[in-house]
$ cat coords17.cif   # mmCIF, C-alpha atoms
data_entry
loop_
_atom_site.label_atom_id
_atom_site.label_comp_id
_atom_site.auth_asym_id
_atom_site.auth_seq_id
_atom_site.Cartn_x
_atom_site.Cartn_y
_atom_site.Cartn_z
CA MET A 18 53.86 -6.98 53.04
CA TRP A 19 50.40 -5.38 52.93
CA SER A 20 50.98 -3.89 56.38
CA SER A 21 54.30 -2.40 55.30
CA LEU A 22 52.76 -0.92 52.15
CA ASN A 23 49.88 0.54 54.14
CA ASP A 24 52.26 2.08 56.68
CA TRP A 25 54.32 3.62 53.89
CA LEU A 26 51.27 4.97 52.05
CA TRP A 27 49.80 6.59 55.15
CA ASN A 28 53.06 7.84 56.60
CA GLU A 29 52.25 10.74 58.94
CA ARG A 30 55.20 12.77 57.69
CA LEU A 31 53.76 12.69 54.16
CA TRP A 32 50.20 13.76 54.82
CA LEU A 33 50.16 15.68 58.11
CA PRO A 34 51.98 18.75 59.41
CA ALA A 35 54.88 18.31 61.80
CA ASN A 36 53.99 17.22 65.37
CA ILE A 37 50.58 15.93 64.23
CA SER A 38 49.77 12.20 64.23
CA TRP A 39 46.87 10.06 63.04
CA ALA A 40 46.09 9.25 66.67
CA GLN A 41 45.19 12.89 67.24
CA LEU A 42 42.51 12.61 64.55
CA GLU A 43 40.62 9.89 66.38
CA ASP A 44 37.29 10.83 68.01
CA HIS A 45 37.84 12.22 71.50
CA ASP A 46 36.41 14.72 73.99
CA GLY A 47 33.16 14.99 72.09
CA LEU A 48 34.90 15.88 68.80
CA VAL A 49 34.05 13.79 65.75
CA PHE A 50 36.69 13.45 63.04
CA PRO A 51 36.44 12.00 59.53
CA HIS A 52 38.01 8.63 58.79
CA PRO A 53 39.24 7.42 55.37
CA GLN A 54 37.04 4.32 55.53
CA ASP A 55 33.98 6.58 55.66
CA THR A 56 34.47 7.24 51.93
CA LEU A 57 33.32 3.66 51.27
CA MET A 58 29.81 4.96 51.89
CA ALA A 59 30.13 6.66 48.52
CA VAL A 60 29.49 3.26 46.87
CA PRO A 61 25.94 2.63 48.21
CA LEU A 62 25.17 6.34 47.90
CA ALA A 63 26.21 6.26 44.24
CA LEU A 64 23.95 3.25 43.66
CA ALA A 65 21.09 5.07 45.37
CA LEU A 66 21.70 8.11 43.15
CA VAL A 67 21.49 5.87 40.08
CA VAL A 68 18.05 4.66 41.20
CA VAL A 69 16.91 8.22 41.97
CA ARG A 70 18.21 9.43 38.61
CA PHE A 71 16.43 6.66 36.69
CA THR A 72 13.18 7.38 38.52
CA PHE A 73 13.48 11.13 37.95
CA GLU A 74 14.26 10.82 34.25
CA ARG A 75 11.53 8.23 33.64
CA PHE A 76 8.65 9.74 35.61
CA VAL A 77 9.48 13.46 35.79
CA ALA A 78 11.84 14.58 33.03
CA LEU A 79 10.35 12.50 30.21
CA PRO A 80 6.73 13.70 30.73
CA LEU A 81 8.08 17.23 31.16
CA SER A 82 9.91 17.04 27.82
CA ARG A 83 6.69 15.98 26.07
CA TRP A 84 4.70 18.72 27.77
CA LEU A 85 7.26 21.32 26.67
CA GLY A 86 7.18 20.09 23.09
CA VAL A 87 10.61 18.49 22.84
CA ARG A 88 10.55 16.13 19.88
CA ASN A 89 13.17 13.76 18.56
CA GLN A 90 14.52 14.32 15.07
CA ILE A 91 13.61 11.74 12.49
CA ARG A 92 16.70 9.69 11.70
CA ARG A 93 17.14 7.54 8.63
CA PRO A 94 18.85 4.34 9.76
CA ALA A 95 21.94 3.13 7.99
CA ASP A 96 21.27 0.24 5.62
CA PRO A 97 22.64 -3.12 6.84
CA ASN A 98 26.17 -3.56 5.53
CA ALA A 99 28.45 -6.13 7.17
CA THR A 100 31.68 -4.67 5.74
CA LEU A 101 31.00 -1.09 6.82
CA GLU A 102 29.63 -2.22 10.18
CA LYS A 103 32.78 -4.23 10.89
CA HIS A 104 34.98 -1.25 10.09
CA TYR A 105 32.78 1.04 12.19
CA LEU A 106 33.02 -1.20 15.26
CA MET A 107 36.61 -2.41 14.93
CA LYS A 108 38.61 0.36 13.24
CA GLY A 109 36.83 3.63 13.91
CA ARG A 110 33.70 5.70 13.44
CA GLU A 111 35.34 8.21 11.07
CA PRO A 112 37.43 6.55 8.35
CA THR A 113 40.12 8.46 6.52
CA GLU A 114 39.60 9.41 2.90
CA SER A 115 41.73 6.51 1.65
CA GLN A 116 39.85 4.05 3.88
CA MET A 117 36.54 5.47 2.68
CA ASN A 118 37.54 4.95 -0.98
CA LEU A 119 38.60 1.37 -0.28
CA LEU A 120 35.38 0.59 1.56
CA ALA A 121 33.30 2.10 -1.22
CA THR A 122 35.06 -0.14 -3.75
CA GLN A 123 34.62 -3.24 -1.60
CA CYS A 124 30.89 -2.60 -1.11
CA GLY A 125 30.11 -1.46 -4.65
CA LEU A 126 28.97 1.96 -3.42
CA THR A 127 29.88 5.49 -4.42
CA LEU A 128 32.05 7.56 -2.12
CA ARG A 129 29.10 9.79 -1.19
CA GLN A 130 26.93 6.81 -0.34
CA THR A 131 29.67 5.44 1.91
CA GLN A 132 30.11 8.81 3.63
CA CYS A 133 26.35 9.01 4.11
CA TRP A 134 26.28 5.52 5.64
CA PHE A 135 28.87 6.49 8.26
CA ARG A 136 27.04 9.74 9.08
CA ARG A 137 23.79 7.88 9.61
CA ARG A 138 25.53 5.18 11.63
CA ARG A 139 27.14 7.75 13.92
CA ASN A 140 23.79 9.46 14.39
CA GLN A 141 22.27 6.14 15.45
CA ASP A 142 24.71 5.99 18.36
CA ARG A 143 24.02 9.54 19.48
CA PRO A 144 21.41 10.00 22.21
CA CYS A 145 18.12 11.41 20.96
CA LEU A 146 16.96 14.89 21.88
CA THR A 147 14.55 13.61 24.53
CA LYS A 148 17.32 11.58 26.15
CA LYS A 149 19.61 14.61 26.28
CA PHE A 150 16.80 16.73 27.73
CA CYS A 151 16.20 14.18 30.50
CA GLU A 152 19.92 13.99 31.28
CA SER A 153 20.27 17.77 31.49
CA SER A 154 17.14 17.98 33.63
CA TRP A 155 18.69 15.59 36.14
CA LYS A 156 22.01 17.46 36.16
CA PHE A 157 20.21 20.77 36.60
CA VAL A 158 18.27 19.49 39.61
CA PHE A 159 21.32 17.74 41.08
CA TYR A 160 23.70 20.71 40.75
CA LEU A 161 21.08 23.18 41.93
CA CYS A 162 20.35 21.06 45.02
CA CYS A 163 24.07 20.74 45.74
CA PHE A 164 24.54 24.49 45.48
CA VAL A 165 21.48 25.37 47.57
CA CYS A 166 22.23 22.76 50.25
CA GLY A 167 25.89 23.72 50.33
CA THR A 168 24.97 27.38 50.75
CA MET A 169 22.52 26.57 53.54
CA VAL A 170 25.12 24.47 55.37
CA LEU A 171 27.98 26.93 55.01
CA TYR A 172 26.19 30.28 55.06
CA HIS A 173 26.72 30.90 58.77
CA GLU A 174 30.30 29.61 58.79
CA SER A 175 32.87 32.37 59.09
CA TRP A 176 35.34 30.55 56.85
CA LEU A 177 32.93 30.73 53.89
CA TRP A 178 33.50 34.48 53.77
CA THR A 179 37.05 34.49 55.12
CA PRO A 180 38.95 31.46 53.72
CA VAL A 181 41.96 32.02 55.99
CA LYS A 182 39.82 30.70 58.85
CA CYS A 183 39.87 27.27 57.18
CA TRP A 184 43.24 26.78 58.87
CA GLU A 185 42.31 27.80 62.40
CA ASN A 186 43.12 24.91 64.77
CA TYR A 187 43.77 22.58 61.83
CA PRO A 188 43.54 19.58 61.94
CA HIS A 189 41.55 19.67 65.21
CA GLN A 190 38.20 20.67 63.68
CA ASP A 191 34.73 19.23 64.20
CA PHE A 192 32.96 18.19 61.02
CA LYS A 193 29.56 16.74 61.94
CA GLU A 194 27.49 19.11 59.81
CA GLN A 195 29.47 18.44 56.61
CA VAL A 196 29.27 14.63 56.50
CA ILE A 197 26.56 14.29 53.83
CA HIS A 198 28.01 17.17 51.81
CA HIS A 199 31.38 15.40 51.53
CA PHE A 200 30.07 12.04 50.38
CA VAL A 201 29.86 13.59 46.90
CA THR A 202 33.44 12.73 46.24
CA ILE A 203 36.15 12.91 43.65
CA ILE A 204 39.89 12.42 44.16
CA LEU A 205 40.37 15.93 45.50
CA ILE A 206 37.42 15.68 47.86
CA SER A 207 38.41 12.18 49.02
CA PHE A 208 41.84 13.56 49.84
CA SER A 209 40.46 16.56 51.72
CA TYR A 210 38.07 14.29 53.61
CA SER A 211 40.76 11.81 54.66
CA LEU A 212 43.03 14.59 55.94
CA ASN A 213 40.20 16.57 57.57
CA LEU A 214 40.55 19.39 55.04
CA LEU A 215 36.78 19.68 55.09
CA ARG A 216 36.50 23.42 55.16
CA ILE A 217 38.57 24.16 52.08
CA GLY A 218 37.08 21.13 50.31
CA SER A 219 33.55 22.38 50.91
CA LEU A 220 34.49 25.81 49.55
CA VAL A 221 35.82 24.23 46.36
CA LEU A 222 32.60 22.24 45.95
CA LEU A 223 30.33 25.22 46.56
CA LEU A 224 32.29 27.43 44.18
CA HIS A 225 31.94 24.90 41.35
CA ASP A 226 28.26 24.21 42.00
CA SER A 227 27.50 27.91 41.65
CA ALA A 228 27.65 27.78 37.83
CA ASP A 229 26.98 24.19 36.76
CA TYR A 230 23.20 24.32 37.14
CA LEU A 231 23.07 27.41 34.90
CA LEU A 232 24.79 25.48 32.12
CA GLU A 233 22.29 22.62 32.37
CA ALA A 234 19.39 25.08 32.35
CA SER A 235 20.82 26.59 29.17
CA LYS A 236 20.93 23.11 27.60
CA LEU A 237 17.28 22.50 28.51
CA PHE A 238 16.16 25.62 26.67
CA ASN A 239 18.43 24.69 23.78
CA TYR A 240 16.64 21.35 23.39
CA MET A 241 13.31 23.17 23.58
CA HIS A 242 14.50 25.51 20.77
CA TRP A 243 14.01 28.59 22.95
CA ARG A 244 17.10 30.22 21.51
CA ARG A 245 16.78 33.62 23.17
CA MET A 246 16.40 32.17 26.67
CA CYS A 247 19.09 29.60 25.95
CA ASP A 248 21.65 32.22 24.88
CA THR A 249 20.71 34.55 27.75
CA LEU A 250 21.27 31.81 30.31
CA PHE A 251 24.52 30.83 28.63
CA ILE A 252 25.81 34.40 28.90
CA ILE A 253 24.83 34.47 32.60
CA PHE A 254 26.54 31.10 33.09
CA SER A 255 29.66 32.44 31.37
CA LEU A 256 29.84 35.49 33.63
CA VAL A 257 29.38 33.38 36.77
CA PHE A 258 31.93 30.84 35.46
CA PHE A 259 34.56 33.50 34.71
CA TYR A 260 34.10 35.20 38.07
CA THR A 261 34.15 32.04 40.20
CA ARG A 262 36.82 30.11 38.24
CA LEU A 263 39.15 32.90 37.11
CA VAL A 264 38.76 35.42 39.95
CA LEU A 265 37.50 33.82 43.16
CA PHE A 266 39.26 30.47 42.77
CA PRO A 267 42.82 31.80 42.28
CA THR A 268 42.53 34.84 44.57
CA ARG A 269 40.65 33.19 47.43
CA ILE A 270 41.12 29.41 47.22
CA LEU A 271 44.59 29.08 45.72
CA TYR A 272 45.91 32.02 47.73
CA THR A 273 44.81 30.58 51.04
CA THR A 274 46.01 27.03 50.22
CA PHE A 275 49.41 28.24 49.01
CA PHE A 276 50.22 30.95 51.59
CA GLU A 277 47.78 31.19 54.48
CA SER A 278 47.62 27.41 55.03
CA ILE A 279 51.25 27.23 56.21
CA GLY A 280 51.02 30.11 58.65
CA ASN A 281 51.18 27.70 61.60
CA PHE A 282 53.28 24.81 60.23
CA SER A 283 55.95 24.02 57.65
CA PRO A 284 55.14 22.65 54.17
CA PHE A 285 54.77 18.87 53.92
CA PHE A 286 53.93 16.36 51.19
CA GLY A 287 50.15 16.66 51.69
CA TYR A 288 50.47 20.43 51.27
CA TYR A 289 52.15 20.03 47.87
CA PHE A 290 49.76 17.25 46.83
CA LEU A 291 46.71 19.38 47.57
CA ASN A 292 48.04 22.41 45.73
CA ILE A 293 49.11 20.39 42.69
CA LEU A 294 45.54 19.08 42.37
CA LEU A 295 44.13 22.58 42.74
CA VAL A 296 46.54 24.01 40.16
CA ILE A 297 45.54 21.29 37.68
CA LEU A 298 41.94 22.24 38.35
CA GLN A 299 42.77 25.90 37.69
CA LEU A 300 44.45 25.02 34.39
CA LEU A 301 41.27 23.23 33.36
CA HIS A 302 39.33 26.36 34.30
CA VAL A 303 41.49 28.39 31.93
CA PHE A 304 41.02 25.87 29.12
CA TRP A 305 37.24 25.77 29.53
CA SER A 306 37.12 29.56 29.76
CA TRP A 307 38.92 29.79 26.43
CA LEU A 308 36.33 27.52 24.79
CA ILE A 309 33.51 29.62 26.23
CA LEU A 310 35.15 32.84 25.02
CA CYS A 311 35.42 31.38 21.51
CA MET A 312 31.69 30.66 21.55
CA ILE A 313 30.85 34.13 22.81
CA TYR A 314 33.09 35.71 20.15
CA SER A 315 31.33 33.71 17.46
CA PHE A 316 27.97 34.76 18.86
CA ILE A 317 28.90 38.46 18.85
CA LYS A 318 30.46 38.29 15.38
CA LYS A 319 27.94 36.10 13.57
CA GLY A 320 24.89 36.22 15.81
CA GLN A 321 24.93 32.48 16.49
CA MET A 322 26.86 29.90 18.46
CA GLU A 323 29.15 27.68 16.41
CA LYS A 324 30.11 24.18 17.52
CA ASP A 325 27.94 24.57 20.58
CA VAL A 326 29.74 22.81 23.45
CA ARG A 327 26.49 22.81 25.45
CA SER A 328 25.20 19.75 23.66
CA ASP A 329 26.18 17.04 21.20
CA VAL A 330 25.34 18.25 17.69
CA GLU A 331 23.81 15.72 15.33
CA GLU A 332 25.31 15.46 11.86
CA LEU A 333 23.24 16.30 8.82
CA ASP A 334 21.88 13.23 7.10
CA SER A 335 23.43 14.15 3.76
CA SER A 336 25.62 16.80 2.22
CA ASP A 337 24.79 19.03 -0.73
CA GLY A 338 24.38 17.06 -3.89
CA GLU A 339 24.36 13.72 -2.13
CA ALA A 340 20.67 13.09 -2.64
CA ALA A 341 21.19 12.65 -6.34
CA GLU A 342 23.76 9.94 -5.67
CA GLU A 343 21.51 8.07 -3.24
CA CYS A 344 18.31 8.12 -5.27
CA PRO A 345 17.74 5.62 -8.09
CA GLN A 346 18.05 7.14 -11.55
CA MET A 347 15.62 6.73 -14.42
CA LYS A 348 17.07 5.96 -17.79
CA ASN A 349 16.56 9.53 -18.92
CA GLY A 350 18.61 10.82 -15.96
CA ALA A 351 15.77 12.21 -13.85
CA ALA A 352 15.88 11.39 -10.15
CA GLN A 353 13.05 9.19 -8.93
CA ARG A 354 11.84 8.93 -5.32
CA PRO A 355 8.45 7.23 -4.99
CA GLY A 356 5.86 9.34 -3.30
CA ALA A 357 8.25 12.19 -2.57
CA ALA A 358 8.12 15.72 -3.87
CA PRO A 359 11.28 17.77 -4.50
CA THR A 360 12.53 19.33 -1.28
CA ASP A 361 15.14 21.74 -2.60
CA GLY A 362 12.75 24.43 -3.78
CA PRO A 363 11.71 25.50 -7.30
CA ARG A 364 13.84 24.25 -10.11
CA SER A 365 14.68 25.92 -13.38
CA ARG A 366 12.98 24.95 -16.61
CA ALA A 367 16.24 23.44 -17.83
CA ALA A 368 16.37 21.12 -14.85
CA GLY A 369 13.19 19.43 -16.03
CA ARG A 370 14.56 18.47 -19.42
CA MET A 371 15.22 14.84 -20.16
CA VAL A 372 18.32 13.44 -21.77
CA ASN A 373 16.72 13.62 -25.19
CA ARG A 374 16.54 17.45 -24.70
CA HIS A 375 12.71 17.37 -24.62
CA THR A 376 10.68 18.66 -21.73
CA PRO A 377 8.06 16.39 -20.18
CA ALA A 378 4.50 16.96 -21.29
CA THR A 379 2.24 18.70 -18.78
#
$ encode --input "coords17.cif" --output "structure tokens"
Amino acid sequence: MWSSLNDWLWNERLWLPANISWAQLEDHDGLVFPHPQDTLMAVPLALALVVVRFTFERFVALPLSRWLGVRNQIRRPADPNATLEKHYLMKGREPTESQMNLLATQCGLTLRQTQCWFRRRRNQDRPCLTKKFCESSWKFVFYLCCFVCGTMVLYHESWLWTPVKCWENYPHQDFKEQVIHHFVTIILISFSYSLNLLRIGSLVLLLHDSADYLLEASKLFNYMHWRRMCDTLFIIFSLVFFYTRLVLFPTRILYTTFFESIGNFSPFFGYYFLNILLVILQLLHVFWSWLILCMIYSFIKKGQMEKDVRSDVEELDSSDGEAAEECPQMKNGAAQRPGAAPTDGPRSRAAGRMVNRHTPAT
């Protein structure tokens, strides 16, 4: 049964052009071809990357964040509450208004206190600023290395500059110099690797790596509160993203996979499968481009980024007027917080009056 399923899954008529068989993709005459089982090497390589990432974040990124002055925000932890904690873990992090009212009644809290508890609890689960800085540092280094190494490997290849040459002599193409580059795999890359579509797969990888490291660099400056540099890098990232994803990808990659790829053979299932994946990728490009455009529009209109998609934004600890609900009240109605001075600026003379309409003696 397993043999029959395997034969059906890897049917030559599904994945290869007419008159091409899997036997022709075996190593011969000094030519080395990729084999699907080679992708299993991605497992130990992924584990090795985890170790490298942990080491980098612990001994490089973390000291760097301290040296650059990145500091975590002070978070007030949510008070222990079994009822609210159970709802948070079992039913959702953001209760509806009716659920919030019910929970407030069950716990003997006000609605504002219950809302504040959930905000603080959500903030507890968010990574701290230092953690996000370390993560972006790793991504920046990783994407930059991928882009630089990919450029070095492909720079002298004619098909980097002329994508139609990806299909010359396909599938009889040597691949020795791209082995390491193609172990960084996703479904699309695994597919291209198994079918020896290494040239077009490497172009897709290189095109995407050209912008990702700029986004991570923008995040780093965002965490450091260098707003001018952060926004400048984000604008540069946006321009590179739009050009590579909305211009180069459809006009060079999609064009050659849709039209130039079948210049020497008829369409087959693998041809449609590849192009469907690439079209889905292009649709995602359009969606992400729309989000970026919305941010740029907000920046031009208001001078600041709203709902910054570059990083996870922490919720404010309390909303306007909530402090009065949270703080214990004296009998005369004045808010009392031991050892704390008012933080909302100067108050009017009337605000200092007690319930008995007298002002406190000074």
$ atom_distance --input "coords17.cif" --atom1 "atom CA of A:Ser211" --atom2 "atom CA of A:His52"
5.9 Å
$ resolve_selection --input "coords17.cif" --expression "the PyMOL selection byres ((chain A and resi 263-268) around 8)" --output "ChimeraX atom specification"
/A:221,224,258-262,269-272,299,302-303
$ write_last_selection --input "coords17.cif" --atoms "C-alpha atoms" --output "mmCIF file, in the coordinates of the input"
data_model
loop_
_atom_site.group_PDB
_atom_site.id
_atom_site.type_symbol
_atom_site.label_atom_id
_atom_site.label_comp_id
_atom_site.auth_asym_id
_atom_site.auth_seq_id
_atom_site.Cartn_x
_atom_site.Cartn_y
_atom_site.Cartn_z
ATOM 1 C CA VAL A 221 35.820 24.230 46.360
ATOM 2 C CA LEU A 224 32.290 27.430 44.180
ATOM 3 C CA PHE A 258 31.930 30.840 35.460
ATOM 4 C CA PHE A 259 34.560 33.500 34.710
ATOM 5 C CA TYR A 260 34.100 35.200 38.070
ATOM 6 C CA THR A 261 34.150 32.040 40.200
ATOM 7 C CA ARG A 262 36.820 30.110 38.240
ATOM 8 C CA ARG A 269 40.650 33.190 47.430
ATOM 9 C CA ILE A 270 41.120 29.410 47.220
ATOM 10 C CA LEU A 271 44.590 29.080 45.720
ATOM 11 C CA TYR A 272 45.910 32.020 47.730
ATOM 12 C CA GLN A 299 42.770 25.900 37.690
ATOM 13 C CA HIS A 302 39.330 26.360 34.300
ATOM 14 C CA VAL A 303 41.490 28.390 31.930
#
$ resolve_selection --input "coords17.cif" --expression "the PyMOL selection byres ((chain A and resi 177-184) around 9)" --output "PyMOL selection string"
chain A and resi 171-176+185-188+214-217+219-220+269-270+273-274+277-281
$ residues_around --input "coords17.cif" --residues "stretch 111-118 of chain A" --least-positions-apart "5" --cutoff "10 Å" --atoms "all atoms listed in the file" --output "list of chain:residue names"
A:Leu101, A:His104, A:Tyr105, A:Gln123, A:Leu126, A:Thr127, A:Leu128, A:Arg129, A:Thr131, A:Gln132, A:Phe135, A:Arg136, A:Arg139
$ atom_distance --input "coords17.cif" --atom1 "atom CA of A:Trp305" --atom2 "atom CA of A:Leu146"
24.3 Å
$ atom_distance --input "coords17.cif" --atom1 "atom CA of A:Tyr288" --atom2 "atom CA of A:Trp32"
7.6 Å
